[in-house]
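Visitor: Quick one: structure below, then a few questions.
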Amino acid sequence: MENILNGRARRFGDDINTDYIIAGKYTKTLDFSSLAEHLLEDLFPGFSKTILPGDMIVAGRNFGCGSSREQAPIAIRCAGIAAVLAKSYSRIFFRNAINQGIPAFLCDTDSIAEGDRIIVNIGSTTVELPDRGTTLPMTPLSPVMLDILKEGGLVEYLKRHGGFVLDPQASDRPRREG
Amino acid sequence: MGKTAVEKIISAHVGHDAKAGDFVVADVDLAMTHDTTGPIAITAFREYGREKVWDASKVVIMLDHAAPSPNERISNLHSLLRTFASEQGIRLYDVGEGVCHQLVVEQGLVVPGDLAVGADSHTCTYGALNVFAFGIGSSDMSGVLLTGKLWLRVPDTMKVVFGGTMPKGTCAKDLMLHLIGKIGSDGADYLAISFGGDTIRGMSVSERLTLSNMAIECGAKVGLMEADEKTTRYLEGKYAREARPAFDDDDAAFRSRMEIDASRIPPLVSRPHSVDSVVPAADLAGTAVSQVYIGTCTNGRLDDLRIAADILDGRRVSANCRLLVCPSSRQTLVDALTEGVITKLAAAGAVILPPGCGPCPGTHLGVPGDGENVLSTANRNFKGRMGNNKAGIYLASPATCAASALEGRIADPRPYIR
Ligand code: SF4
């Protein structure tokens, strides 16, 4: 997986739930390319047609709340979104995104506007906003999530490891995930 | 320092002492998946090249989200699930058996002290039976099918204590809407809620399930309750395994503690398009509703149908409104038929739907029209949830829904309670 991501910000607000990301009526399929065209359409009709390679979804609090449907991060991935940045994630979506190999970064997104260029290095602790000449601090992913992400998702991770391998040092750090 | 019930259950499933904040790999007692999330989990599982799941007796598959199938695409997904279940020797509950979460509790597939996962966000429902249960996605489910284990971070616990007697017209649903309205849709993010207090102790298991079901609507991983004699009676004769109930120690480290006086909570309604937008039903009285839905894993059980039937008995649903009723399981349907509850509902004008999710996830059986309002006993009112993003969904108790169906407008149920 690419370690340095460079793309445009696509702005969304707080509490973007998985029904908005992909409506339930589209989820019953194994044809994942059909999910992409409906990404976030209830909030932004035609959104998927406006996506350029490298675009990142930038949202506020509680991104991905609601249903456990993994079709949500699958739709994000298949639509060509490179990463998600949010102030906080709902727990299930956060896991699902990483399991789908989508970098989901935690940072204070308030100062990021639609169209802003974003440069971010997976595993780093900052996000660069070159247009604004600023960097934002980022909460790092837990080691297990980083390992899964580096493999490109959970299926690849499990193919390699056969099960979950935890770093015993990882406990007790103040993290909001899992 | 004492431990929370959550820490105790997780400790028993990782083989060592675990406390909030720890990352652990836990053994799973039950893994549930259904017709929306199962096909992706199975496709992923097949990539591992392993012939058999870790333990077929601990896996269940439910066909409930679009059941019976409305189109060929979904029929083929159902076939895929049936084939996988029979190849693997996995129990499959076919169309018409009911909503996944109702089946798990009603069939005694979990016991107090279990750790259960489901590829569905409302898996937190089983918390009402003292089960540490939470929703996961399809990839995580594929990992559970492969290994029987899942990594997780032990959550901190928010203690929520309900005291006092619910006033007439107030239901368990109203208590949960009150809590969600108060703490917001992410108020318990990454936390476990542990419910307690004399109001909860006084509730039936069915009412408790309604509260735990909606724990995810404020972000909680689970809505855990203590097991008591009602839990034991509810599960009696349903399971062979031994229950290992877990209790919060008084000196456990809770993240926060909240006391709520249930005697002051009126019938409430959650407004579109966010569950935490909660106001008294009386404040919305007169808002036109074109469709009322009584059902789902939140409020489709026998006592919910009884509450509705008591209000609707001998009366007639408004000509401006459709009333859809969906029993949460075949057992619920049979019991409601035997008791005459279904007759009262149908005579009042209700459309009786086959047990399952019904119109809740927006696939079929009652998609609202543009500009219509729906009042529903479900747990979620996101825009587009029921299949049309130009409709507005309000959420309320079965009592409020029944009274509103009579008026064709949102109504405070209290004048209709006999
Ligand atoms: S009834 Fe609704 S909330 Fe419950 S499992 Fe089915 S779709 Fe989900």
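FYI, nothing fancy with the structure tokens labels: chains A, B, ... in order, residues from 1 per chain, ligands from 1 as they appear.
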Could you please tell me, as a PyMOL selection string, which residues of chain B have an atom within 7 Å of chain A when using only C-alpha atoms?

Guide: chain B and resi 21-23+36-37+40+44+48+74+119-121+135-139+147+151-153+186+189-190+217+219+361-363+382+384-385+387+389

Visitor: Take the residues from that selection and put them in a file with N, CA, C and O atoms, as a CSV table (one decimal), in the first residue's frame.

Guide:
```
chain,number,residue,atom,x,y,z
B,21,GLY,N,-9.2,-0.6,28.4
B,21,GLY,CA,-8.0,0.0,27.7
B,21,GLY,C,-7.1,-1.0,27.1
B,21,GLY,O,-6.4,-0.8,26.2
B,22,ASP,N,-7.2,-2.3,27.6
B,22,ASP,CA,-6.3,-3.4,27.1
B,22,ASP,C,-6.8,-3.8,25.7
B,22,ASP,O,-8.0,-3.8,25.4
B,23,PHE,N,-5.8,-4.1,24.9
B,23,PHE,CA,-6.1,-4.8,23.6
B,23,PHE,C,-6.0,-6.3,23.9
B,23,PHE,O,-5.0,-6.7,24.4
B,36,THR,N,-27.7,-9.5,4.6
B,36,THR,CA,-27.0,-8.3,4.1
B,36,THR,C,-25.5,-8.4,4.3
B,36,THR,O,-24.7,-8.0,3.4
B,37,THR,N,-25.1,-8.9,5.4
B,37,THR,CA,-23.6,-8.9,5.7
B,37,THR,C,-23.0,-10.3,5.5
B,37,THR,O,-21.7,-10.3,5.3
B,40,ILE,N,-20.8,-11.2,2.0
B,40,ILE,CA,-19.4,-10.6,1.9
B,40,ILE,C,-18.5,-11.4,2.9
B,40,ILE,O,-17.3,-11.7,2.6
B,44,ALA,N,-15.2,-13.5,1.7
B,44,ALA,CA,-13.9,-13.3,2.3
B,44,ALA,C,-13.4,-14.6,2.9
B,44,ALA,O,-12.2,-14.9,2.8
B,48,TYR,N,-9.5,-17.5,2.3
B,48,TYR,CA,-8.5,-18.1,3.2
B,48,TYR,C,-8.1,-19.5,2.8
B,48,TYR,O,-7.1,-20.1,3.3
B,74,ILE,N,-31.4,-10.8,-4.8
B,74,ILE,CA,-31.4,-11.1,-3.4
B,74,ILE,C,-31.7,-12.6,-3.2
B,74,ILE,O,-31.1,-13.3,-2.4
B,119,ALA,N,-22.7,-9.8,12.7
B,119,ALA,CA,-22.4,-8.8,11.7
B,119,ALA,C,-23.7,-8.0,11.5
B,119,ALA,O,-24.3,-8.0,10.4
B,120,ASP,N,-24.0,-7.2,12.5
B,120,ASP,CA,-25.1,-6.3,12.5
B,120,ASP,C,-25.0,-5.4,13.7
B,120,ASP,O,-24.7,-5.9,14.8
B,121,SER,N,-25.2,-4.1,13.5
B,121,SER,CA,-24.9,-3.2,14.6
B,121,SER,C,-25.8,-3.4,15.9
B,121,SER,O,-25.4,-3.1,17.0
B,135,GLY,N,-21.7,-5.5,17.5
B,135,GLY,CA,-21.7,-5.6,16.1
B,135,GLY,C,-20.3,-5.5,15.5
B,135,GLY,O,-19.5,-4.7,16.0
B,136,ILE,N,-20.1,-6.2,14.4
B,136,ILE,CA,-18.8,-6.2,13.7
B,136,ILE,C,-19.2,-6.2,12.2
B,136,ILE,O,-20.3,-6.4,11.8
B,137,GLY,N,-18.2,-5.9,11.4
B,137,GLY,CA,-18.4,-5.9,9.9
B,137,GLY,C,-18.2,-7.3,9.3
B,137,GLY,O,-17.9,-8.3,10.1
B,138,SER,N,-18.3,-7.4,8.0
B,138,SER,CA,-18.2,-8.7,7.4
B,138,SER,C,-16.8,-9.2,7.4
B,138,SER,O,-16.6,-10.4,7.5
B,139,SER,N,-15.7,-8.4,7.2
B,139,SER,CA,-14.4,-8.9,7.2
B,139,SER,C,-14.0,-9.4,8.6
B,139,SER,O,-13.5,-10.5,8.7
B,147,THR,N,-11.1,-18.2,12.8
B,147,THR,CA,-10.3,-18.4,14.0
B,147,THR,C,-11.1,-18.6,15.2
B,147,THR,O,-10.6,-19.1,16.3
B,151,TRP,N,-9.9,-9.6,17.8
B,151,TRP,CA,-9.2,-8.6,18.6
B,151,TRP,C,-10.1,-7.5,19.1
B,151,TRP,O,-11.0,-7.2,18.3
B,152,LEU,N,-10.0,-7.0,20.2
B,152,LEU,CA,-10.8,-5.9,20.6
B,152,LEU,C,-10.1,-5.1,21.8
B,152,LEU,O,-9.2,-5.6,22.4
B,153,ARG,N,-10.5,-3.9,21.9
B,153,ARG,CA,-10.1,-3.1,23.0
B,153,ARG,C,-11.1,-3.1,24.1
B,153,ARG,O,-12.3,-2.8,23.8
B,186,ASP,N,-23.3,10.2,19.7
B,186,ASP,CA,-22.0,9.7,20.0
B,186,ASP,C,-21.6,9.8,21.5
B,186,ASP,O,-20.5,9.7,21.9
B,189,ASP,N,-19.8,6.7,22.7
B,189,ASP,CA,-18.8,6.1,21.7
B,189,ASP,C,-17.7,5.4,22.4
B,189,ASP,O,-17.1,5.9,23.3
B,190,TYR,N,-17.4,4.2,21.9
B,190,TYR,CA,-16.3,3.4,22.4
B,190,TYR,C,-16.5,2.9,23.9
B,190,TYR,O,-15.6,2.4,24.5
B,217,GLU,N,-27.3,3.3,19.2
B,217,GLU,CA,-27.7,4.6,18.7
B,217,GLU,C,-27.1,5.8,19.5
B,217,GLU,O,-27.2,7.0,19.1
B,219,GLY,N,-23.8,5.2,20.3
B,219,GLY,CA,-22.4,4.8,20.0
B,219,GLY,C,-21.9,3.7,20.9
B,219,GLY,O,-20.8,3.2,20.7
B,361,PRO,N,-35.1,-1.8,6.9
B,361,PRO,CA,-33.9,-1.3,6.2
B,361,PRO,C,-34.1,-0.8,4.8
B,361,PRO,O,-33.2,-0.6,4.1
B,362,GLY,N,-35.4,-0.6,4.4
B,362,GLY,CA,-35.6,0.1,3.1
B,362,GLY,C,-35.5,-0.7,1.9
B,362,GLY,O,-35.3,-0.1,0.8
B,363,THR,N,-35.7,-2.0,1.9
B,363,THR,CA,-35.6,-2.8,0.7
B,363,THR,C,-36.9,-3.1,0.1
B,363,THR,O,-37.0,-3.2,-1.1
B,382,PHE,N,-32.5,7.6,10.0
B,382,PHE,CA,-31.7,8.3,9.1
B,382,PHE,C,-32.4,8.5,7.8
B,382,PHE,O,-33.2,7.7,7.4
B,384,GLY,N,-33.4,8.4,4.2
B,384,GLY,CA,-33.3,7.3,3.3
B,384,GLY,C,-33.4,5.9,3.9
B,384,GLY,O,-33.4,4.9,3.2
B,385,ARG,N,-33.4,5.8,5.2
B,385,ARG,CA,-33.4,4.5,5.9
B,385,ARG,C,-34.4,3.5,5.4
B,385,ARG,O,-34.2,2.4,5.2
B,387,GLY,N,-35.8,3.5,2.5
B,387,GLY,CA,-35.7,3.3,1.1
B,387,GLY,C,-36.1,4.5,0.3
B,387,GLY,O,-36.0,4.5,-1.0
B,389,ASN,N,-35.2,8.8,0.3
B,389,ASN,CA,-34.6,9.9,1.0
B,389,ASN,C,-35.4,11.1,1.1
B,389,ASN,O,-35.1,12.1,1.6
```

Visitor: Which residues are near ligand 1 - at most 8 Å, using only C-alpha atoms and all ligand atoms? Format: as a count of residues only.

Guide: 23

Visitor: Would you return as a PyMOL selection string the members of stretch 134-375 of chain B that DSSP assigns to strand (DSSP E or B) on this structure's backbone?

Guide: chain B and resi 134-135+149-153+156-163+191-196+223-224+252+256-261+268-270+278-280+288+291-294+322-325+329+350-352+373-375

Visitor: Can you work out the spacing between atom CA of B:Pro155 and atom CA of B:Ala12 in Å, to one decimal?

Guide: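 Answer for the atom CA of B:Pro155 to atom CA of B:Ala12 separation: 15.1 Å.
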
Visitor: Determine the nearest neighbour of B:Arg241 from the options B:Asp114, B:Asp228, B:Asp55, B:Glu339, counting only C-alpha atoms.

Guide: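 Using only C-alpha atoms, the shortest distance to B:Arg241 belongs to B:Asp114.
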
Visitor: Give the answer as one residue: which of B:Val111, B:His34, B:Arg271, B:Asn71 has the shortest atom-to-atom distance to B:Ala85, using only C-alpha atoms?

Guide: B:His34

Visitor: For B:Gly286, which residue among B:Pro415, B:Leu103, B:Ala116, B:Ile410 is the nearest when counting only C-alpha atoms?

Guide: B:Ile410

Visitor: Write out as an MDAnalysis selection string the residues lying within 6 Å of stretch 116-126 of chain A, counting only C-alpha atoms and excluding same-chain residues fewer than 3 positions away.

Guide: chainID A and resid 3:9 113 129 136:138 140

Visitor: For B:Arg316, list every protein, DNA or RNA residue within 8 Å, evaluated using only C-alpha atoms, and leave out those in the same chain fewer than 3 positions away; present the list as an MDAnalysis selection string.

Guide: chainID B and resid 312 347:349 406

Visitor: Would you put the residues from that selection into a file with all heavy atoms, as an mmCIF file, in the first residue's frame?

Guide:
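Contents of selection.cif, freshly written:
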```
data_model
loop_
_atom_site.group_PDB
_atom_site.id
_atom_site.type_symbol
_atom_site.label_atom_id
_atom_site.label_comp_id
_atom_site.auth_asym_id
_atom_site.auth_seq_id
_atom_site.Cartn_x
_atom_site.Cartn_y
_atom_site.Cartn_z
ATOM 1 N N LEU B 312 -55.737 -0.231 19.831
ATOM 2 C CA LEU B 312 -56.461 -0.277 18.551
ATOM 3 C C LEU B 312 -57.758 -1.083 18.612
ATOM 4 O O LEU B 312 -58.616 -0.949 17.729
ATOM 5 C CB LEU B 312 -55.547 -0.879 17.472
ATOM 6 C CG LEU B 312 -54.373 0.014 17.055
ATOM 7 C CD1 LEU B 312 -53.270 -0.792 16.383
ATOM 8 C CD2 LEU B 312 -54.851 1.140 16.125
ATOM 9 N N ALA B 347 -58.284 -6.322 12.437
ATOM 10 C CA ALA B 347 -59.632 -5.753 12.386
ATOM 11 C C ALA B 347 -59.584 -4.231 12.423
ATOM 12 O O ALA B 347 -60.437 -3.549 11.850
ATOM 13 C CB ALA B 347 -60.474 -6.287 13.551
ATOM 14 N N ALA B 348 -58.564 -3.690 13.071
ATOM 15 C CA ALA B 348 -58.442 -2.228 13.151
ATOM 16 C C ALA B 348 -57.853 -1.645 11.871
ATOM 17 O O ALA B 348 -57.808 -0.423 11.702
ATOM 18 C CB ALA B 348 -57.568 -1.842 14.348
ATOM 19 N N GLY B 349 -57.379 -2.541 10.974
ATOM 20 C CA GLY B 349 -56.884 -2.035 9.695
ATOM 21 C C GLY B 349 -55.408 -2.285 9.441
ATOM 22 O O GLY B 349 -54.865 -1.791 8.443
ATOM 23 N N LEU B 406 -54.332 5.797 14.662
ATOM 24 C CA LEU B 406 -55.764 6.095 14.741
ATOM 25 C C LEU B 406 -56.070 7.495 14.240
ATOM 26 O O LEU B 406 -57.085 7.737 13.603
ATOM 27 C CB LEU B 406 -56.249 5.956 16.200
ATOM 28 C CG LEU B 406 -56.297 4.523 16.744
ATOM 29 C CD1 LEU B 406 -56.582 4.535 18.240
ATOM 30 C CD2 LEU B 406 -57.328 3.695 15.994
#
```

Visitor: Separation of atom CA of B:Val292 and atom CA of B:Ala405, in Å?

Guide: 6.0 Å

Visitor: Between B:Glu47, B:Asp198, B:Asp283, B:Asp335, which residue has the minimum interatomic distance to B:Pro267, considering only C-alpha atoms?

Guide: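 Among the listed residues, the smallest separation from B:Pro267 belongs to B:Asp283.
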
Visitor: So which residues of stretch 21-202 of chain B fall under alpha helix (DSSP H) by DSSP, listed as a ChimeraX atom specification?

Guide: /B:38-47,72-88,100-106,138-147,172-183,198-202
